[in-house]
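Undergrad: Structure supplied as final-v7.pdb; contents: PDB, C-alpha atoms, pLDDT in the B column.
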ATOM      1  CA  MET A1484      57.731 -52.669-112.876  1.00 83.00           C
ATOM      2  CA  ILE A1485      59.463 -55.874-113.888  1.00 84.00           C
ATOM      3  CA  SER A1486      57.151 -57.985-111.734  1.00 87.00           C
ATOM      4  CA  ALA A1487      54.071 -56.209-113.115  1.00 91.00           C
ATOM      5  CA  ALA A1488      55.317 -56.748-116.667  1.00 90.00           C
ATOM      6  CA  GLY A1489      55.872 -60.417-115.842  1.00 89.00           C
ATOM      7  CA  ILE A1490      52.280 -60.706-114.669  1.00 93.00           C
ATOM      8  CA  LEU A1491      50.982 -59.121-117.887  1.00 93.00           C
ATOM      9  CA  VAL A1492      53.177 -61.394-120.016  1.00 92.00           C
ATOM     10  CA  SER A1493      51.928 -64.445-118.093  1.00 90.00           C
ATOM     11  CA  ILE A1494      48.339 -63.403-118.840  1.00 92.00           C
ATOM     12  CA  ILE A1495      49.194 -63.130-122.547  1.00 91.00           C
ATOM     13  CA  THR A1496      50.951 -66.503-122.404  1.00 89.00           C
ATOM     14  CA  SER A1497      47.935 -68.049-120.694  1.00 88.00           C
ATOM     15  CA  PHE A1498      45.763 -66.761-123.529  1.00 88.00           C
ATOM     16  CA  PHE A1499      47.966 -68.592-126.028  1.00 83.00           C
ATOM     17  CA  ALA A1500      47.753 -71.779-123.964  1.00 79.00           C
ATOM     18  CA  THR A1501      43.972 -71.711-123.682  1.00 82.00           C
ATOM     19  CA  ASN A1502      42.986 -70.319-127.088  1.00 82.00           C
ATOM     20  CA  VAL A1503      45.770 -71.025-129.587  1.00 82.00           C
ATOM     21  CA  MET A1504      47.590 -74.153-128.400  1.00 79.00           C
ATOM     22  CA  ILE A1505      44.593 -75.991-127.024  1.00 78.00           C
ATOM     23  CA  VAL A1506      45.361 -79.163-125.078  1.00 78.00           C
ATOM     24  CA  ASP A1507      42.771 -81.713-126.095  1.00 78.00           C
ATOM     25  CA  ALA A1508      44.998 -84.778-125.983  1.00 79.00           C
ATOM     26  CA  LYS A1509      47.619 -86.091-123.595  1.00 78.00           C
ATOM     27  CA  ASP A1510      50.436 -85.784-126.106  1.00 77.00           C
ATOM     28  CA  LYS A1511      49.858 -82.034-126.527  1.00 78.00           C
ATOM     29  CA  VAL A1512      50.633 -81.132-122.901  1.00 81.00           C
ATOM     30  CA  GLU A1513      54.423 -81.061-123.245  1.00 80.00           C
ATOM     31  CA  ARG A1514      54.290 -79.178-126.534  1.00 82.00           C
ATOM     32  CA  THR A1515      52.018 -76.558-124.993  1.00 83.00           C
ATOM     33  CA  LEU A1516      54.236 -76.126-121.939  1.00 84.00           C
ATOM     34  CA  LYS A1517      57.302 -75.695-124.157  1.00 86.00           C
ATOM     35  CA  GLY A1518      55.402 -73.198-126.259  1.00 86.00           C
ATOM     36  CA  GLN A1519      54.411 -71.244-123.170  1.00 88.00           C
ATOM     37  CA  ILE A1520      57.951 -70.933-121.872  1.00 90.00           C
ATOM     38  CA  ILE A1521      59.198 -69.830-125.302  1.00 92.00           C
ATOM     39  CA  ILE A1522      56.383 -67.319-125.804  1.00 91.00           C
ATOM     40  CA  SER A1523      56.811 -65.807-122.355  1.00 92.00           C
ATOM     41  CA  THR A1524      60.585 -65.529-122.777  1.00 93.00           C
ATOM     42  CA  LEU A1525      60.308 -63.964-126.234  1.00 94.00           C
ATOM     43  CA  ILE A1526      57.672 -61.462-125.124  1.00 94.00           C
ATOM     44  CA  LEU A1527      59.339 -60.564-121.836  1.00 94.00           C
ATOM     45  CA  THR A1528      62.788 -59.972-123.380  1.00 95.00           C
ATOM     46  CA  PRO A1529      61.959 -56.735-125.249  1.00 96.00           C
ATOM     47  CA  VAL A1530      59.654 -55.640-122.427  1.00 94.00           C
ATOM     48  CA  LEU A1531      62.536 -55.924-119.948  1.00 92.00           C
ATOM     49  CA  VAL A1532      64.845 -54.019-122.271  1.00 93.00           C
ATOM     50  CA  LEU A1533      62.351 -51.186-122.691  1.00 92.00           C
ATOM     51  CA  LEU A1534      61.477 -50.993-119.003  1.00 90.00           C
ATOM     52  CA  THR A1535      65.022 -50.953-117.746  1.00 88.00           C
ATOM     53  CA  LEU A1536      66.453 -48.562-120.330  1.00 87.00           C
ATOM     54  CA  PHE A1537      63.630 -46.019-120.407  1.00 88.00           C
ATOM     55  CA  LEU A1538      61.944 -46.076-117.002  1.00 85.00           C
ATOM     56  CA  LEU A1539      64.764 -46.601-114.509  1.00 82.00           C
ATOM     57  CA  PRO A1540      66.880 -43.675-113.260  1.00 80.00           C
ATOM     58  CA  ASN A1541      70.486 -43.218-114.432  1.00 83.00           C
ATOM     59  CA  GLU A1542      71.863 -44.710-111.211  1.00 78.00           C
ATOM     60  CA  ILE A1543      70.220 -47.055-108.770  1.00 75.00           C
ATOM     61  CA  SER A1544      71.439 -47.719-105.254  1.00 72.00           C
ATOM     62  CA  ASN A1545      70.949 -51.277-104.060  1.00 64.00           C
ATOM     63  CA  LEU A1546      70.983 -50.212-100.386  1.00 58.00           C
ATOM     64  CA  ILE A1547      74.245 -51.802 -99.255  1.00 61.00           C
ATOM     65  CA  ASP A1548      76.165 -50.096 -96.438  1.00 59.00           C
ATOM     66  CA  ASP A1549      78.490 -48.243 -98.806  1.00 57.00           C
ATOM     67  CA  VAL A1550      75.981 -46.476-101.051  1.00 57.00           C
ATOM     68  CA  GLU A1551      78.618 -44.998-103.390  1.00 61.00           C
ATOM     69  CA  LYS A1552      80.058 -48.417-104.236  1.00 62.00           C
ATOM     70  CA  SER A1553      76.631 -49.945-104.682  1.00 65.00           C
ATOM     71  CA  LYS A1554      75.434 -47.771-107.561  1.00 74.00           C
ATOM     72  CA  VAL A1555      74.018 -49.756-110.463  1.00 75.00           C
ATOM     73  CA  LYS A1556      73.237 -48.591-113.986  1.00 79.00           C
ATOM     74  CA  PRO A1557      69.926 -49.485-115.689  1.00 80.00           C
ATOM     75  CA  TRP A1558      71.693 -51.728-118.216  1.00 81.00           C
ATOM     76  CA  GLY A1559      73.086 -53.740-115.269  1.00 81.00           C
ATOM     77  CA  VAL A1560      69.559 -54.412-114.075  1.00 82.00           C
ATOM     78  CA  MET A1561      68.584 -55.344-117.626  1.00 87.00           C
ATOM     79  CA  VAL A1562      71.479 -57.784-118.046  1.00 86.00           C
ATOM     80  CA  CYS A1563      70.737 -59.445-114.695  1.00 84.00           C
ATOM     81  CA  ALA A1564      67.046 -59.841-115.500  1.00 87.00           C
ATOM     82  CA  LEU A1565      67.700 -61.140-119.029  1.00 90.00           C
ATOM     83  CA  ALA A1566      70.369 -63.564-117.803  1.00 88.00           C
ATOM     84  CA  GLY A1567      67.906 -64.959-115.286  1.00 87.00           C
ATOM     85  CA  LEU A1568      65.130 -65.149-117.860  1.00 90.00           C
ATOM     86  CA  TRP A1569      67.173 -66.977-120.500  1.00 91.00           C
ATOM     87  CA  SER A1570      68.929 -69.283-118.052  1.00 88.00           C
ATOM     88  CA  GLY A1571      65.455 -70.187-116.772  1.00 89.00           C
ATOM     89  CA  LEU A1572      64.487 -71.130-120.325  1.00 91.00           C
ATOM     90  CA  ILE A1573      67.569 -73.346-120.626  1.00 90.00           C
ATOM     91  CA  ILE A1574      66.885 -74.979-117.267  1.00 89.00           C
ATOM     92  CA  GLY A1575      63.256 -75.580-118.244  1.00 88.00           C
ATOM     93  CA  TYR A1576      64.248 -77.329-121.459  1.00 89.00           C
ATOM     94  CA  ILE A1577      66.909 -79.449-119.770  1.00 90.00           C
ATOM     95  CA  THR A1578      64.485 -80.431-117.012  1.00 87.00           C
ATOM     96  CA  ASP A1579      61.954 -81.471-119.629  1.00 87.00           C
ATOM     97  CA  TYR A1580      64.546 -83.533-121.474  1.00 89.00           C
ATOM     98  CA  TYR A1581      65.615 -85.468-118.404  1.00 88.00           C
ATOM     99  CA  THR A1582      62.149 -85.981-116.888  1.00 86.00           C
ATOM    100  CA  SER A1583      59.895 -86.587-119.891  1.00 84.00           C
ATOM    101  CA  ASN A1584      59.137 -90.110-120.980  1.00 82.00           C
ATOM    102  CA  ALA A1585      59.314 -88.887-124.590  1.00 83.00           C
ATOM    103  CA  HIS A1586      63.118 -88.586-124.406  1.00 85.00           C
ATOM    104  CA  ALA A1587      65.927 -91.123-124.180  1.00 89.00           C
ATOM    105  CA  PRO A1588      67.035 -90.673-120.527  1.00 89.00           C
ATOM    106  CA  CYS A1589      63.697 -91.753-119.036  1.00 88.00           C
ATOM    107  CA  GLN A1590      63.232 -94.444-121.646  1.00 88.00           C
ATOM    108  CA  LYS A1591      66.633 -95.943-120.790  1.00 89.00           C
ATOM    109  CA  LEU A1592      65.832 -95.734-117.083  1.00 89.00           C
ATOM    110  CA  SER A1593      62.560 -97.572-117.582  1.00 87.00           C
ATOM    111  CA  VAL A1594      64.398-100.360-119.420  1.00 88.00           C
ATOM    112  CA  SER A1595      66.934-100.642-116.595  1.00 86.00           C
ATOM    113  CA  CYS A1596      64.081-100.971-114.084  1.00 86.00           C
ATOM    114  CA  LYS A1597      63.416-104.435-115.494  1.00 87.00           C
ATOM    115  CA  SER A1598      66.873-105.553-114.311  1.00 86.00           C
ATOM    116  CA  GLY A1599      66.048-105.140-110.645  1.00 86.00           C
ATOM    117  CA  PRO A1600      65.876-102.572-107.868  1.00 87.00           C
ATOM    118  CA  ALA A1601      69.628-102.108-107.392  1.00 89.00           C
ATOM    119  CA  ILE A1602      70.203-101.252-111.051  1.00 88.00           C
ATOM    120  CA  ASN A1603      67.157 -98.989-110.943  1.00 88.00           C
ATOM    121  CA  VAL A1604      68.529 -97.025-107.962  1.00 90.00           C
ATOM    122  CA  ILE A1605      72.016 -96.726-109.450  1.00 91.00           C
ATOM    123  CA  ASP A1606      70.772 -95.657-112.877  1.00 90.00           C
ATOM    124  CA  GLY A1607      68.250 -93.275-111.314  1.00 89.00           C
ATOM    125  CA  LEU A1608      70.917 -91.587-109.203  1.00 91.00           C
ATOM    126  CA  ALA A1609      73.266 -91.363-112.177  1.00 90.00           C
ATOM    127  CA  LEU A1610      70.514 -89.804-114.284  1.00 89.00           C
ATOM    128  CA  GLY A1611      69.678 -87.351-111.494  1.00 89.00           C
ATOM    129  CA  TYR A1612      73.318 -86.285-111.197  1.00 91.00           C
ATOM    130  CA  LEU A1613      73.681 -85.987-114.955  1.00 89.00           C
ATOM    131  CA  SER A1614      70.538 -83.881-115.224  1.00 89.00           C
ATOM    132  CA  CYS A1615      71.999 -81.277-112.852  1.00 90.00           C
ATOM    133  CA  ILE A1616      75.122 -80.520-114.889  1.00 90.00           C
ATOM    134  CA  ILE A1617      73.667 -78.138-117.494  1.00 88.00           C
ATOM    135  CA  PRO A1618      71.421 -76.200-115.054  1.00 88.00           C
ATOM    136  CA  ILE A1619      74.399 -75.714-112.715  1.00 90.00           C
ATOM    137  CA  LEU A1620      76.544 -74.558-115.627  1.00 89.00           C
ATOM    138  CA  ALA A1621      73.762 -72.193-116.742  1.00 85.00           C
ATOM    139  CA  LEU A1622      73.510 -70.674-113.265  1.00 86.00           C
ATOM    140  CA  ALA A1623      77.285 -70.472-112.860  1.00 89.00           C
ATOM    141  CA  GLY A1624      77.680 -68.929-116.311  1.00 85.00           C
ATOM    142  CA  LYS A1625      74.994 -66.376-115.524  1.00 82.00           C
ATOM    143  CA  LEU A1626      76.719 -65.411-112.267  1.00 83.00           C
ATOM    144  CA  ILE A1627      80.163 -65.200-113.867  1.00 86.00           C
ATOM    145  CA  PHE A1628      78.742 -63.061-116.672  1.00 78.00           C
ATOM    146  CA  ILE A1629      77.014 -60.721-114.229  1.00 76.00           C
ATOM    147  CA  LEU A1630      80.066 -60.450-111.960  1.00 77.00           C
ATOM    148  CA  ALA A1631      82.263 -59.727-114.986  1.00 76.00           C
ATOM    149  CA  LEU A1632      80.091 -56.691-115.752  1.00 70.00           C
ATOM    150  CA  LYS A1633      80.951 -55.090-112.426  1.00 63.00           C
TER     151      LYS A1633
END
Have the structure of the file written as structure tokens, please.

TA:
Amino acid sequence: MISAAGILVSIITSFFATNVMIVDAKDKVERTLKGQIIISTLILTPVLVLLTLFLLPNEISNLIDDVEKSKVKPWGVMVCALAGLWSGLIIGYITDYYTSNAHAPCQKLSVSCKSGPAINVIDGLALGYLSCIIPILALAGKLIFILALK
């Protein structure tokens, strides 16, 4: 159900990208991609809530050896799906910030490239390591939040 809803939401999001936020210039590509990820997240959030709360049974077994200990409530499925959805949005925005030439990290890296290959490699590695911090924290926070619900 969740996958099917995701497919329908992606079709709706594609409609927005092709008919509302039309890309007719190079500078509109990033704005359209950001709009798509926001639209899909905002549409899929209430859809996930409705699907999980009204269409799932009261208890779900996740097929681990001990079936009694592996019972999950519908709200648990909802929280897991929403945590993944919203952490994906955060990761998408952070990835855009660190890889787009419209933002300071890539602009600073391009300036350091003029200093020579060694500086370029060092600054590039440092930027790559720095860009991983927030996505790792988002994933770790999501896992801690989900484990705290058990």

Undergrad: Evaluating the PyMOL selection byres ((chain A and resi 1570) around 8) on the displayed file yields which residues, as a list in words?

TA: Ala1566, Gly1567, Leu1568, Trp1569, Gly1571, Leu1572, Ile1573, Ile1574, Pro1618, Ala1621, Leu1622 and Lys1625 of chain A

Undergrad: Evaluated on this file, the PyMOL selection byres ((chain A and resi 1556-1564) around 6) picks out some residues - which ones are they, written as a PyMOL selection string?

TA: chain A and resi 1535-1536+1542+1555+1565-1567

Undergrad: If you measure from CA of Ile1494 in chain A to CA of Thr1515 in chain A, what distance in Å do you get, rounded to one decimal?

TA: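 Here the two named atoms are 15.0 Å from each other.
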
Undergrad: When you draw a straight line from CA of Val1506 in chain A to CA of Thr1524 in chain A, how long is it in Å?

TA: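 So the two atoms, CA of Val1506 in chain A and CA of Thr1524 in chain A, lie 20.6 Å apart.
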
Undergrad: Translate the PyMOL selection byres ((chain A and resi 1581-1589) around 10) into a concrete residue list for this structure, as a ChimeraX atom specification.

TA: /A:1510,1513,1576-1580,1590-1595,1606-1607,1610-1611,1613-1615

Undergrad: Between CA of Gly1518 in chain A and CA of Thr1496 in chain A, what is the spacing in Å?

TA: 8.9 Å

Undergrad: Taking all atoms of range 1595-1614 of chain A that appear in the file, build a box with edges along x, y and z, extend it by 6 Å on every side, and state its centre and edge lengths in Å to one decimal, as lines of an AutoDock Vina configuration file.

TA:
center_x = 68.5
center_y = -94.7
center_z = -112.0
size_x = 22.3
size_y = 33.7
size_z = 21.2

Undergrad: Counting only C-alpha atoms, which of A:Leu1626, A:Ser1598, A:Ala1488, A:Ala1609 gets nearest to Ile1526 in chain A?

TA: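 Closest residue, counting only C-alpha atoms: A:Ala1488.
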
Undergrad: Would you list the contacts of Ala1487 in chain A as a PDB file with C-alpha atoms, keeping the file's coordinate frame, taking every protein, DNA or RNA residue within 12 Å and counting only C-alpha atoms, but skipping same-chain residues closer than 4 positions in sequence?

TA:
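See result31.pdb below for the written result:
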ATOM      1  CA  LEU A1491      50.982 -59.121-117.887  1.00 93.00           C
ATOM      2  CA  VAL A1492      53.177 -61.394-120.016  1.00 92.00           C
ATOM      3  CA  SER A1493      51.928 -64.445-118.093  1.00 90.00           C
ATOM      4  CA  ILE A1494      48.339 -63.403-118.840  1.00 92.00           C
ATOM      5  CA  LEU A1527      59.339 -60.564-121.836  1.00 94.00           C
ATOM      6  CA  VAL A1530      59.654 -55.640-122.427  1.00 94.00           C
ATOM      7  CA  LEU A1531      62.536 -55.924-119.948  1.00 92.00           C
ATOM      8  CA  LEU A1534      61.477 -50.993-119.003  1.00 90.00           C
TER       9      LEU A1534
END

Undergrad: Ranking A:Asn1502, A:Lys1509, A:Ser1497, A:Gly1489 by minimum distance to Thr1528 in chain A and counting only C-alpha atoms, which one comes first?

TA: A:Gly1489
